[in-house]
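**Student:** Input input25.pdb, format and content: PDB, C-alpha atoms.
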```pdb
ATOM      1  CA  MET A   1     130.871 250.161-173.702
ATOM      2  CA  THR A   2     132.522 253.408-172.743
ATOM      3  CA  ASP A   3     133.378 254.650-169.275
ATOM      4  CA  ASP A   4     130.658 257.278-169.475
ATOM      5  CA  THR A   5     128.111 254.650-170.256
ATOM      6  CA  THR A   6     129.255 252.617-167.292
ATOM      7  CA  LYS A   7     129.046 255.561-164.878
ATOM      8  CA  ASN A   8     125.693 256.761-166.088
ATOM      9  CA  GLY A   9     124.022 253.449-166.894
ATOM     10  CA  PRO A  10     121.776 251.167-164.864
ATOM     11  CA  ASP A  11     124.705 249.789-162.859
ATOM     12  CA  ALA A  12     125.521 253.241-161.541
ATOM     13  CA  THR A  13     121.920 253.735-160.446
ATOM     14  CA  ALA A  14     121.865 250.392-158.626
ATOM     15  CA  ALA A  15     125.132 251.162-156.871
ATOM     16  CA  ASP A  16     123.833 254.496-155.688
ATOM     17  CA  ALA A  17     120.653 252.888-154.379
ATOM     18  CA  ALA A  18     122.652 250.253-152.524
ATOM     19  CA  ALA A  19     124.835 252.917-150.954
ATOM     20  CA  ASP A  20     121.802 254.920-149.885
ATOM     21  CA  ALA A  21     120.202 251.826-148.348
ATOM     22  CA  THR A  22     123.386 250.999-146.421
ATOM     23  CA  ALA A  23     123.625 254.551-145.113
ATOM     24  CA  TYR A  24     119.964 254.472-144.074
ATOM     25  CA  VAL A  25     120.392 251.195-142.166
ATOM     26  CA  GLU A  26     123.510 252.472-140.431
ATOM     27  CA  ASN A  27     121.719 255.696-139.468
ATOM     28  CA  GLU A  28     118.713 253.823-138.058
ATOM     29  CA  THR A  29     121.009 251.516-136.079
ATOM     30  CA  ALA A  30     122.879 254.480-134.647
ATOM     31  CA  GLN A  31     119.619 256.150-133.621
ATOM     32  CA  GLU A  32     118.344 252.985-131.961
ATOM     33  CA  GLU A  33     121.603 252.620-130.045
ATOM     34  CA  ALA A  34     121.369 256.264-128.974
ATOM     35  CA  VAL A  35     117.742 255.874-127.842
ATOM     36  CA  GLN A  36     118.182 252.518-126.084
ATOM     37  CA  PRO A  37     119.240 253.167-122.441
ATOM     38  CA  ASP A  38     122.381 251.713-121.039
ATOM     39  CA  ALA A  39     121.848 248.446-119.124
ATOM     40  CA  LEU A  40     124.008 249.684-116.235
ATOM     41  CA  GLU A  41     121.915 252.820-115.882
ATOM     42  CA  LEU A  42     118.755 250.717-115.819
ATOM     43  CA  LEU A  43     120.189 248.589-113.032
ATOM     44  CA  LYS A  44     121.201 251.689-111.065
ATOM     45  CA  ALA A  45     117.718 253.175-111.395
ATOM     46  CA  GLU A  46     116.068 249.905-110.359
ATOM     47  CA  ASN A  47     118.440 249.586-107.415
ATOM     48  CA  GLY A  48     117.629 253.141-106.298
ATOM     49  CA  GLU A  49     113.899 252.464-106.485
ATOM     50  CA  LEU A  50     114.231 249.255-104.479
ATOM     51  CA  ARG A  51     116.335 251.077-101.880
ATOM     52  CA  ASP A  52     113.692 253.795-101.514
ATOM     53  CA  ARG A  53     110.993 251.160-101.058
ATOM     54  CA  TYR A  54     113.092 249.399 -98.424
ATOM     55  CA  LEU A  55     113.724 252.616 -96.486
ATOM     56  CA  ARG A  56     110.024 253.519 -96.531
ATOM     57  CA  LEU A  57     109.077 250.026 -95.364
ATOM     58  CA  ALA A  58     111.717 250.119 -92.625
ATOM     59  CA  ALA A  59     110.404 253.507 -91.425
ATOM     60  CA  GLU A  60     106.816 252.225 -91.390
ATOM     61  CA  MET A  61     107.831 249.122 -89.434
ATOM     62  CA  ASP A  62     109.757 251.243 -86.921
ATOM     63  CA  ASN A  63     106.758 253.535 -86.439
ATOM     64  CA  LEU A  64     104.504 250.502 -86.001
ATOM     65  CA  ARG A  65     106.873 249.024 -83.424
ATOM     66  CA  ARG A  66     106.994 252.264 -81.438
ATOM     67  CA  ARG A  67     103.234 252.711 -81.603
ATOM     68  CA  THR A  68     102.686 249.131 -80.441
ATOM     69  CA  GLU A  69     105.136 249.549 -77.559
ATOM     70  CA  ARG A  70     103.408 252.765 -76.510
ATOM     71  CA  GLU A  71      99.964 251.159 -76.659
ATOM     72  CA  VAL A  72     101.147 248.172 -74.629
ATOM     73  CA  LYS A  73     102.740 250.479 -72.063
ATOM     74  CA  ASP A  74      99.584 252.592 -71.824
ATOM     75  CA  ALA A  75      97.462 249.471 -71.459
ATOM     76  CA  LYS A  76      99.626 248.297 -68.562
ATOM     77  CA  SER A  77      99.748 251.735 -66.935
ATOM     78  CA  TYR A  78      96.098 252.722 -67.259
ATOM     79  CA  SER A  79      94.298 249.381 -67.158
ATOM     80  CA  VAL A  80      93.647 249.828 -63.419
ATOM     81  CA  ALA A  81      92.418 253.424 -63.770
ATOM     82  CA  GLY A  82      88.744 252.545 -63.331
ATOM     83  CA  PHE A  83      89.395 250.285 -60.347
ATOM     84  CA  ALA A  84      91.742 252.841 -58.775
ATOM     85  CA  ARG A  85      89.157 255.595 -59.173
ATOM     86  CA  ASP A  86      86.616 253.453 -57.320
ATOM     87  CA  MET A  87      89.119 252.736 -54.544
ATOM     88  CA  LEU A  88      89.679 256.460 -54.073
ATOM     89  CA  ALA A  89      86.076 256.738 -52.903
ATOM     90  CA  VAL A  90      86.843 254.174 -50.187
ATOM     91  CA  SER A  91      90.001 256.072 -49.239
ATOM     92  CA  ASP A  92      87.991 259.298 -49.008
ATOM     93  CA  ASN A  93      85.544 257.673 -46.596
ATOM     94  CA  LEU A  94      88.394 256.463 -44.414
ATOM     95  CA  ARG A  95      89.858 259.966 -44.369
ATOM     96  CA  ARG A  96      86.485 261.508 -43.492
ATOM     97  CA  ALA A  97      86.105 259.072 -40.624
ATOM     98  CA  LEU A  98      89.522 260.047 -39.262
ATOM     99  CA  ASP A  99      88.911 263.776 -39.726
ATOM    100  CA  ALA A 100      85.631 263.465 -37.833
ATOM    101  CA  ILE A 101      87.558 262.470 -34.682
ATOM    102  CA  SER A 102      88.637 265.581 -32.811
ATOM    103  CA  PRO A 103      92.100 265.754 -31.228
ATOM    104  CA  GLU A 104      90.467 265.880 -27.792
ATOM    105  CA  THR A 105      88.489 262.708 -28.459
ATOM    106  CA  LYS A 106      91.561 260.964 -29.772
ATOM    107  CA  ALA A 107      93.580 262.009 -26.715
ATOM    108  CA  ALA A 108      90.897 260.827 -24.294
ATOM    109  CA  ALA A 109      90.078 257.631 -26.176
ATOM    110  CA  ASP A 110      90.210 254.345 -24.324
ATOM    111  CA  ALA A 111      92.185 251.354 -25.541
ATOM    112  CA  GLY A 112      89.383 250.061 -27.745
ATOM    113  CA  LEU A 113      88.778 253.347 -29.539
ATOM    114  CA  SER A 114      92.503 253.979 -29.943
ATOM    115  CA  THR A 115      92.908 250.563 -31.542
ATOM    116  CA  LEU A 116      90.011 251.296 -33.888
ATOM    117  CA  ILE A 117      91.478 254.643 -34.910
ATOM    118  CA  GLU A 118      94.879 253.091 -35.467
ATOM    119  CA  GLY A 119      93.332 250.340 -37.564
ATOM    120  CA  VAL A 120      91.543 252.856 -39.807
ATOM    121  CA  GLU A 121      94.762 254.835 -40.235
ATOM    122  CA  MET A 122      96.684 251.685 -41.152
ATOM    123  CA  THR A 123      93.977 250.700 -43.630
ATOM    124  CA  GLU A 124      94.177 254.099 -45.322
ATOM    125  CA  ARG A 125      97.971 253.949 -45.544
ATOM    126  CA  ALA A 126      97.898 250.403 -46.896
ATOM    127  CA  MET A 127      95.361 251.346 -49.568
ATOM    128  CA  LEU A 128      97.351 254.381 -50.707
ATOM    129  CA  SER A 129     100.523 252.291 -50.738
ATOM    130  CA  ALA A 130      98.850 249.618 -52.873
ATOM    131  CA  LEU A 131      97.595 252.245 -55.313
ATOM    132  CA  GLU A 132     101.050 253.787 -55.535
ATOM    133  CA  ARG A 133     102.552 250.422 -56.452
ATOM    134  CA  HIS A 134     100.225 250.445 -59.464
ATOM    135  CA  GLY A 135     101.276 253.933 -60.553
ATOM    136  CA  VAL A 136      98.648 255.954 -58.680
ATOM    137  CA  ARG A 137     100.235 258.877 -56.833
ATOM    138  CA  LYS A 138      98.750 261.482 -54.567
ATOM    139  CA  LEU A 139      99.124 265.084 -55.715
ATOM    140  CA  GLU A 140     100.761 267.547 -53.324
ATOM    141  CA  PRO A 141      99.594 270.913 -54.708
ATOM    142  CA  VAL A 142      99.980 273.157 -51.624
ATOM    143  CA  GLY A 143     102.446 275.931 -52.437
ATOM    144  CA  GLN A 144     102.365 275.225 -56.160
ATOM    145  CA  LYS A 145     100.986 277.478 -58.871
ATOM    146  CA  PHE A 146      97.407 276.605 -59.780
ATOM    147  CA  ASP A 147      97.344 274.243 -62.766
ATOM    148  CA  PRO A 148      93.894 273.579 -64.301
ATOM    149  CA  ASN A 149      95.213 270.294 -65.672
ATOM    150  CA  PHE A 150      95.753 268.932 -62.160
ATOM    151  CA  HIS A 151      93.724 271.198 -59.868
ATOM    152  CA  GLN A 152      90.110 272.275 -59.573
ATOM    153  CA  ALA A 153      89.657 275.662 -57.884
ATOM    154  CA  MET A 154      86.825 275.673 -55.358
ATOM    155  CA  PHE A 155      87.320 279.099 -53.763
ATOM    156  CA  GLU A 156      89.775 281.972 -53.382
ATOM    157  CA  VAL A 157      91.609 282.921 -50.197
ATOM    158  CA  PRO A 158      92.629 286.584 -49.800
ATOM    159  CA  ASN A 159      96.306 286.514 -48.897
ATOM    160  CA  PRO A 160      98.627 289.347 -50.023
ATOM    161  CA  ASP A 161     101.678 287.488 -48.721
ATOM    162  CA  VAL A 162     101.334 284.634 -51.222
ATOM    163  CA  PRO A 163     101.697 284.964 -55.009
ATOM    164  CA  ASN A 164      98.374 285.146 -56.796
ATOM    165  CA  ASN A 165      96.930 281.812 -57.994
ATOM    166  CA  THR A 166      99.030 279.800 -55.553
ATOM    167  CA  VAL A 167      97.359 276.743 -54.049
ATOM    168  CA  VAL A 168      97.013 277.349 -50.294
ATOM    169  CA  GLN A 169      94.458 274.728 -49.261
ATOM    170  CA  VAL A 170      93.323 271.266 -50.364
ATOM    171  CA  VAL A 171      89.670 270.354 -49.926
ATOM    172  CA  GLN A 172      89.928 266.943 -51.552
ATOM    173  CA  ALA A 173      93.148 265.167 -52.473
ATOM    174  CA  GLY A 174      93.927 264.651 -56.143
ATOM    175  CA  PHE A 175      95.649 261.684 -57.741
ATOM    176  CA  SER A 176      97.495 260.944 -60.957
ATOM    177  CA  ILE A 177      98.175 257.683 -62.747
ATOM    178  CA  GLY A 178     101.241 257.647 -64.943
ATOM    179  CA  GLU A 179     101.233 260.980 -66.729
ATOM    180  CA  ARG A 180      97.453 261.392 -66.590
ATOM    181  CA  VAL A 181      95.180 262.877 -63.984
ATOM    182  CA  LEU A 182      93.066 260.270 -62.256
ATOM    183  CA  ARG A 183      91.238 262.866 -60.183
ATOM    184  CA  PRO A 184      92.040 266.585 -59.932
ATOM    185  CA  ALA A 185      92.696 268.047 -56.510
ATOM    186  CA  MET A 186      89.966 270.356 -55.228
ATOM    187  CA  VAL A 187      91.825 273.369 -53.903
ATOM    188  CA  GLY A 188      91.605 276.922 -52.655
ATOM    189  CA  VAL A 189      93.886 279.464 -54.307
ATOM    190  CA  ALA A 190      95.395 282.695 -53.056
ATOM    191  CA  LYS A 191      94.002 286.024 -54.257
ATOM    192  CA  GLY A 192      95.410 289.501 -53.886
ATOM    193  CA  GLY A 193      99.109 288.694 -53.675
ATOM    194  CA  PRO A 194     101.751 289.596 -56.278
ATOM    195  CA  LYS A 195     101.846 287.736 -59.533
ATOM    196  CA  PRO A 196     104.315 284.827 -59.583
ATOM    197  CA  ALA A 197     106.686 286.682 -61.929
ATOM    198  CA  GLU A 198     106.666 289.743 -59.690
ATOM    199  CA  ALA A 199     107.272 287.583 -56.631
ATOM    200  CA  GLU A 200     110.313 285.974 -58.276
ATOM    201  CA  THR A 201     111.679 289.392 -59.278
ATOM    202  CA  ASN A 202     111.210 290.742 -55.777
ATOM    203  CA  SER A 203     112.972 287.713 -54.284
ATOM    204  CA  VAL A 204     115.954 288.300 -56.597
ATOM    205  CA  PHE A 205     116.150 291.936 -55.494
ATOM    206  CA  ASP A 206     115.894 290.904 -51.858
ATOM    207  CA  GLU A 207     118.810 288.490 -52.300
ATOM    208  CA  LYS A 208     120.919 291.222 -53.905
ATOM    209  CA  ASP A 209     120.095 293.655 -51.095
ATOM    210  CA  ALA A 210     121.037 291.025 -48.567
TER
END
```
Please rewrite the model in this file as C-alpha cells.
**Tutor:**
Amino acid sequence: MTDDTTKNGPDATAADAAADATAYVENETAQEEAVQPDALELLKAENGELRDRYLRLAAEMDNLRRRTEREVKDAKSYSVAGFARDMLAVSDNLRRALDAISPETKAAADAGLSTLIEGVEMTERAMLSALERHGVRKLEPVGQKFDPNFHQAMFEVPNPDVPNNTVVQVVQAGFSIGERVLRPAMVGVAKGGPKPAEAETNSVFDEKDA
C-alpha cells in the first residue's frame, strides 16, 4: 500500500472525523464554561440581595417602632381630653360665679361670704392646677397675633394704637392639651391699627432715631 493510498483511504477519513469531533467537543466545553457564571460572582450577588432585604426590613422595623412610640405617647397625652373638656365647663361656672361678685360686694362681705368666695377661688385654682398636671394648659392670647388654630374671633375692637389682628380681649379662656387645641379661646381682635409687619418696621425706625 502506497503513502498516497494511506493518506487518501478510509483511515484518513476516520482520522479527520475524529479530529473534527474532538474540536467540536472542546468548542462546546469552552462555550459552556464561558456561559456558566462564576461561583464567586453568584455568591456576591446573593449576598447583595440578602443585604438589601435586611436593610429594608430594618427600616420597616424602625418605622414601626417610631410609629408605635408616637401612638403610645399620643394615647397617654390625649386620653384625658374628653374628661378635661368636661371639667372646663365646671371651671367656667366657677369663674362666672366669681365674676358675678362686684368688687364692692367683695369688699363689704362679711366673714361667711368672704370664706365662700375664697373657697370658690381655691377650687378654681386647684382644678386648673390638676388639669395642668395632665398636660392641659390655659392659653394666654392677649397681645398675640390672632391665630385661627388657637383663637376664635368674636368681635373687632377699633384701636389704631395696636397692630391689626392683635388679640386685645378674651371672652372665654382657651386651653390646649399637648400640641393640640382642647378649646379655642374666644377673643376680640384689634381693627384699624397698622399691620404687624408695618408695626415691626416702625419700631425698628424708632429705635434707630432714639
**Student:** If we count all atoms listed in the file and set the cut-off at 8 Å, which residues sit around Val136 of chain A, ignoring sequence neighbours fewer than 3 positions away in its own chain? Please answer as a list in words.
**Tutor:**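 Residues near the query, excluding close chain neighbours: Ala84, Leu131, Glu132, Arg133, Phe175, Ser176, Ile177, Gly178 and Leu182 of chain A.
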**Student:** Quick one: residues within 7 Å of Lys191 of chain A, only C-alpha atoms, excluding same-chain residues fewer than 2 positions away - as a ChimeraX atom specification?
**Tutor:** /A:156-159,164-165,189,193
**Student:** Separation of atom CA of Glu140 of chain A and atom CA of Thr105 of chain A, in Å?
**Tutor:**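 Value for the atom CA of Glu140 of chain A-atom CA of Thr105 of chain A distance: 28.1 Å.
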**Student:** Give me, as JSON lines, each residue of segment 75-95 of chain A that comes within 12 Å of segment 119-125 of chain A, together with its shortest interatomic pair and the distance in Å at one decimal, counting all atoms listed in the file, with rows ordered by chain and rising residue number.
**Tutor:**
```
{"residue": "A:Met87", "atom": "CA", "partner": "A:Glu124", "partner_atom": "CA", "distance": 10.6}
{"residue": "A:Leu88", "atom": "CA", "partner": "A:Glu124", "partner_atom": "CA", "distance": 10.1}
{"residue": "A:Ala89", "atom": "CA", "partner": "A:Glu124", "partner_atom": "CA", "distance": 11.4}
{"residue": "A:Val90", "atom": "CA", "partner": "A:Glu124", "partner_atom": "CA", "distance": 8.8}
{"residue": "A:Ser91", "atom": "CA", "partner": "A:Glu124", "partner_atom": "CA", "distance": 6.1}
{"residue": "A:Asp92", "atom": "CA", "partner": "A:Glu124", "partner_atom": "CA", "distance": 8.9}
{"residue": "A:Asn93", "atom": "CA", "partner": "A:Glu124", "partner_atom": "CA", "distance": 9.4}
{"residue": "A:Leu94", "atom": "CA", "partner": "A:Glu124", "partner_atom": "CA", "distance": 6.3}
{"residue": "A:Arg95", "atom": "CA", "partner": "A:Glu124", "partner_atom": "CA", "distance": 7.3}
```
**Student:** One decimal, Å: what's the distance from atom CA of Gly112 of chain A over to atom CA of Ser129 of chain A, could you say?
**Tutor:** 25.6 Å
**Student:** Measure the distance from atom CA of Arg56 of chain A to atom CA of Glu41 of chain A in Å and round it to one decimal.
**Tutor:**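 Straight-line distance from atom CA of Arg56 of chain A to atom CA of Glu41 of chain A works out to 22.7 Å.
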**Student:** So that I can check the surroundings of segment 142-146 of chain A, please list as a PyMOL selection string every protein, DNA and RNA residue that reaches within 8 Å of it, counting all atoms listed in the file and ignoring chain neighbours fewer than 5 positions away.
**Tutor:** chain A and resi 151+165-170+189
**Student:** With the PyMOL selection byres ((chain A and resi 139) around 9) as the selection, what would be picked from this file? Answer as a list of chain:residue names, please.
**Tutor:**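 Applied to this file, the PyMOL selection byres ((chain A and resi 139) around 9) returns A:Arg137, A:Lys138, A:Glu140, A:Pro141, A:Phe150, A:Ala173, A:Gly174, A:Phe175, A:Ser176, A:Pro184, A:Ala185.
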**Student:** Calculate, to one decimal in Å, the centre and edge lengths of the box along x, y and z of the file that holds all listed atoms of segment 96-111 of chain A with 6 Å of margin on each side, and present them as JSON.
**Tutor:**
```
{"center_x": 89.6, "center_y": 258.6, "center_z": -33.9, "size_x": 19.9, "size_y": 26.5, "size_z": 31.2}
```
**Student:** Using all atoms listed in the file, find the one residue out of A:Ala39, A:Met61, A:Ile117, A:Ala111 that sits nearest to Asp99 of chain A.
**Tutor:** A:Ile117
**Student:** Complete the atoms of segment 101-112 of chain A to all heavy atoms and put them out as a JSON list (two decimals), keeping the file's coordinate frame.
**Tutor:**
```json
[["chain", "number", "residue", "atom", "x", "y", "z"],
["A", 101, "ILE", "N", 87.13, 262.67, -36.07],
["A", 101, "ILE", "CA", 87.56, 262.47, -34.68],
["A", 101, "ILE", "C", 88.39, 263.67, -34.26],
["A", 101, "ILE", "O", 89.45, 263.95, -34.83],
["A", 101, "ILE", "CB", 88.37, 261.18, -34.55],
["A", 101, "ILE", "CG1", 87.56, 259.98, -35.07],
["A", 101, "ILE", "CG2", 88.80, 260.95, -33.10],
["A", 101, "ILE", "CD1", 88.37, 258.70, -35.13],
["A", 102, "SER", "N", 87.92, 264.39, -33.28],
["A", 102, "SER", "CA", 88.64, 265.58, -32.81],
["A", 102, "SER", "C", 89.90, 265.18, -32.06],
["A", 102, "SER", "O", 89.99, 264.06, -31.53],
["A", 102, "SER", "CB", 87.73, 266.41, -31.89],
["A", 102, "SER", "OG", 87.43, 265.67, -30.71],
["A", 103, "PRO", "N", 90.88, 266.07, -32.00],
["A", 103, "PRO", "CA", 92.10, 265.75, -31.23],
["A", 103, "PRO", "C", 91.80, 265.44, -29.77],
["A", 103, "PRO", "O", 92.47, 264.59, -29.16],
["A", 103, "PRO", "CB", 92.93, 267.03, -31.38],
["A", 103, "PRO", "CG", 92.45, 267.66, -32.65],
["A", 103, "PRO", "CD", 90.98, 267.34, -32.71],
["A", 104, "GLU", "N", 90.81, 266.13, -29.20],
["A", 104, "GLU", "CA", 90.47, 265.88, -27.79],
["A", 104, "GLU", "C", 89.92, 264.46, -27.61],
["A", 104, "GLU", "O", 90.28, 263.75, -26.65],
["A", 104, "GLU", "CB", 89.42, 266.90, -27.32],
["A", 104, "GLU", "CG", 89.92, 268.33, -27.25],
["A", 104, "GLU", "CD", 89.95, 269.00, -28.61],
["A", 104, "GLU", "OE1", 89.41, 268.39, -29.59],
["A", 104, "GLU", "OE2", 90.51, 270.10, -28.73],
["A", 105, "THR", "N", 89.05, 264.06, -28.54],
["A", 105, "THR", "CA", 88.49, 262.71, -28.46],
["A", 105, "THR", "C", 89.57, 261.66, -28.63],
["A", 105, "THR", "O", 89.58, 260.63, -27.93],
["A", 105, "THR", "CB", 87.40, 262.52, -29.53],
["A", 105, "THR", "OG1", 86.38, 263.51, -29.36],
["A", 105, "THR", "CG2", 86.79, 261.13, -29.45],
["A", 106, "LYS", "N", 90.49, 261.92, -29.55],
["A", 106, "LYS", "CA", 91.56, 260.96, -29.77],
["A", 106, "LYS", "C", 92.47, 260.87, -28.54],
["A", 106, "LYS", "O", 92.93, 259.77, -28.18],
["A", 106, "LYS", "CB", 92.38, 261.38, -30.99],
["A", 106, "LYS", "CG", 93.46, 260.38, -31.37],
["A", 106, "LYS", "CD", 94.25, 260.84, -32.59],
["A", 106, "LYS", "CE", 93.36, 260.89, -33.82],
["A", 106, "LYS", "NZ", 94.15, 261.19, -35.05],
["A", 107, "ALA", "N", 92.70, 262.01, -27.89],
["A", 107, "ALA", "CA", 93.58, 262.01, -26.72],
["A", 107, "ALA", "C", 92.93, 261.29, -25.54],
["A", 107, "ALA", "O", 93.61, 260.63, -24.74],
["A", 107, "ALA", "CB", 93.94, 263.44, -26.33],
["A", 108, "ALA", "N", 91.60, 261.43, -25.43],
["A", 108, "ALA", "CA", 90.90, 260.83, -24.29],
["A", 108, "ALA", "C", 90.34, 259.45, -24.60],
["A", 108, "ALA", "O", 89.62, 258.86, -23.77],
["A", 108, "ALA", "CB", 89.75, 261.75, -23.86],
["A", 109, "ALA", "N", 90.65, 258.91, -25.77],
["A", 109, "ALA", "CA", 90.08, 257.63, -26.18],
["A", 109, "ALA", "C", 90.62, 256.50, -25.32],
["A", 109, "ALA", "O", 91.78, 256.50, -24.90],
["A", 109, "ALA", "CB", 90.39, 257.38, -27.65],
["A", 110, "ASP", "N", 89.76, 255.52, -25.07],
["A", 110, "ASP", "CA", 90.21, 254.34, -24.32],
["A", 110, "ASP", "C", 90.96, 253.41, -25.26],
["A", 110, "ASP", "O", 91.14, 253.69, -26.46],
["A", 110, "ASP", "CB", 89.02, 253.65, -23.68],
["A", 110, "ASP", "CG", 87.95, 253.26, -24.70],
["A", 110, "ASP", "OD1", 88.27, 253.23, -25.91],
["A", 110, "ASP", "OD2", 86.80, 253.01, -24.30],
["A", 111, "ALA", "N", 91.37, 252.28, -24.76],
["A", 111, "ALA", "CA", 92.18, 251.35, -25.54],
["A", 111, "ALA", "C", 91.44, 250.85, -26.78],
["A", 111, "ALA", "O", 92.01, 250.73, -27.87],
["A", 111, "ALA", "CB", 92.62, 250.18, -24.66],
["A", 112, "GLY", "N", 90.16, 250.58, -26.62],
["A", 112, "GLY", "CA", 89.38, 250.06, -27.74],
["A", 112, "GLY", "C", 89.25, 251.07, -28.87],
["A", 112, "GLY", "O", 89.45, 250.74, -30.05]]
```
